[in-house]
Structures are given as structure tokens and as C-alpha cells.
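Let me begin by presenting the structure, written as C-alpha cells, before commenting on it.
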Amino acid sequence: MGAHWTPRDDAELTAGWQLWLALDSCARPSPDWDGTPAEAVRGIERCCAACDEILAGYDEPDSAVAGLVRSMFLATSWTMKLWRDDSDPLDAERAALLHADLAAFTEHAESVRTLLATGGGWASLPR
């Protein structure tokens, strides 16, 4: 991922803002989490849906922000493939694996958020 993003127009700025908002808390299970991996990744599913909407509403597939949105699909694919349909309760070993996968996704999401906030001019907003 590049070290800098500057929106080229208002439409790209808006798409960047939408992605920044979508990434806010998507890797954390909700307070009513039932303890299953499938439920733990529901936020990532919502993130993917938001990314789909952003790409559908922003008609510049070669733009930097579209690349950032697509990077979220790459960051989620492995985690979603492994955990999306897993409704078995977690034991300590599986919980550690799920935590590691969510942490890796969160790290990527935070780096994208930082890049967007810096380039978009809203880095001073609280996280």
C-alpha cells in the first residue's frame, strides 16, 4: 500500500470518507456475540457489503480509493473463507486462531483508515 493518498476530486473524497466510516469497527464482534466464529466475522461481512456499495457508487475503477476498497476484499477473503460458516463454539486454540485472523484484518483496516484520514484531511477526528 502506498504511503500517501490524495483525493483527486469530491467524488473520490466522498468514497474515501465512506470507506473510512465503514472500517470504524467492522472487525469487532457485536456486544451480543454468541461466541461462534461465524458471528464474530459478521462485522467483516458488513464491511464487504459497504465496500461493494462504495465501488458501485463510485465509477472510477482505476482510482487510488477504488484500490484501497479492493484491498479490503483481499484482507477479508481468507478470514471469511475460514470462519463465515463456522458455528461451533470456540475452544482456546480456535479462539487464538480467530483472534489472530481478526487482528490481521484490523491491522490492515487501521492502516487504510490512517491513509484515508491523512489524505482526506480528517486525521484530527477522534477514532
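Simple scheme: letters A, B, ... for chains in C-alpha cells order, numbers from 1 for residues in each chain, numbers from 1 for ligands in the order shown.
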
> Running DSSP on the backbone, which parts of range 45-124 of chain A land in alpha helix (DSSP H), as JSON, numbers by chain?
Replying inline: {"A": [45, 46, 47, 48, 49, 50, 51, 52, 53, 54, 55, 56, 57, 64, 65, 66, 67, 68, 69, 70, 71, 72, 73, 74, 75, 76, 77, 78, 79, 80, 81, 82, 83, 92, 93, 94, 95, 96, 97, 98, 99, 100, 101, 102, 103, 104, 105, 106, 107, 108, 109, 110, 111, 112, 113, 114, 115, 116, 117, 118, 119, 120]}

>> I'd like the contact shell of Leu90 in chain A - 12 Å cut-off, only C-alpha atoms, skipping same-chain residues fewer than 5 positions apart - returned as an NGL selection string.
In response: :A and (34-40 or 83 or 95-99)

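If only C-alpha atoms are the atoms counted, then among A:Arg84, A:Ser25, A:Ala15, A:Gly43 the closest residue to Gly57 in chain A is A:Ala15.
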
> What lies within 8 Å of Leu23 in chain A using only C-alpha atoms, ignoring chain neighbours under 4 positions off, as a list in words?
Replying inline: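 The filter keeps Leu19, Cys47, Ala109, Glu110 and Arg113 of chain A.
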
Would you kindly return, as a short mmCIF file (atom, residue, chain, number, x, y, z; two decimals) with N, CA and C atoms, in the first residue's frame, each protein, DNA or RNA residue with an atom no farther than 8 Å from any atom of range 115-124 of chain A, considering only C-alpha atoms and excluding same-chain residues fewer than 6 positions away?
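Result file is out07.cif:
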```cif
data_model
loop_
_atom_site.label_atom_id
_atom_site.label_comp_id
_atom_site.auth_asym_id
_atom_site.auth_seq_id
_atom_site.Cartn_x
_atom_site.Cartn_y
_atom_site.Cartn_z
N ALA A 3 2.18 5.11 0.63
CA ALA A 3 2.27 5.85 1.87
C ALA A 3 1.43 7.12 1.87
N HIS A 4 0.78 7.41 0.74
CA HIS A 4 0.05 8.67 0.66
C HIS A 4 -1.16 8.51 -0.27
N TRP A 5 -2.24 9.14 0.10
CA TRP A 5 -3.44 9.19 -0.75
C TRP A 5 -3.93 10.61 -0.74
N THR A 6 -4.19 11.15 -1.91
CA THR A 6 -4.80 12.47 -2.06
C THR A 6 -5.99 12.32 -3.00
N PRO A 7 -7.18 12.65 -2.52
CA PRO A 7 -8.35 12.53 -3.40
C PRO A 7 -8.23 13.50 -4.57
N LEU A 13 -13.09 11.90 -2.69
CA LEU A 13 -13.08 12.27 -1.27
C LEU A 13 -14.27 11.64 -0.56
N GLY A 16 -13.72 7.94 -0.19
CA GLY A 16 -12.74 7.72 0.88
C GLY A 16 -13.36 7.88 2.26
N TRP A 17 -14.19 8.87 2.40
CA TRP A 17 -14.89 9.10 3.67
C TRP A 17 -15.81 7.92 3.99
N TRP A 20 -13.68 5.08 5.13
CA TRP A 20 -13.15 5.36 6.47
C TRP A 20 -14.21 5.05 7.52
#
```
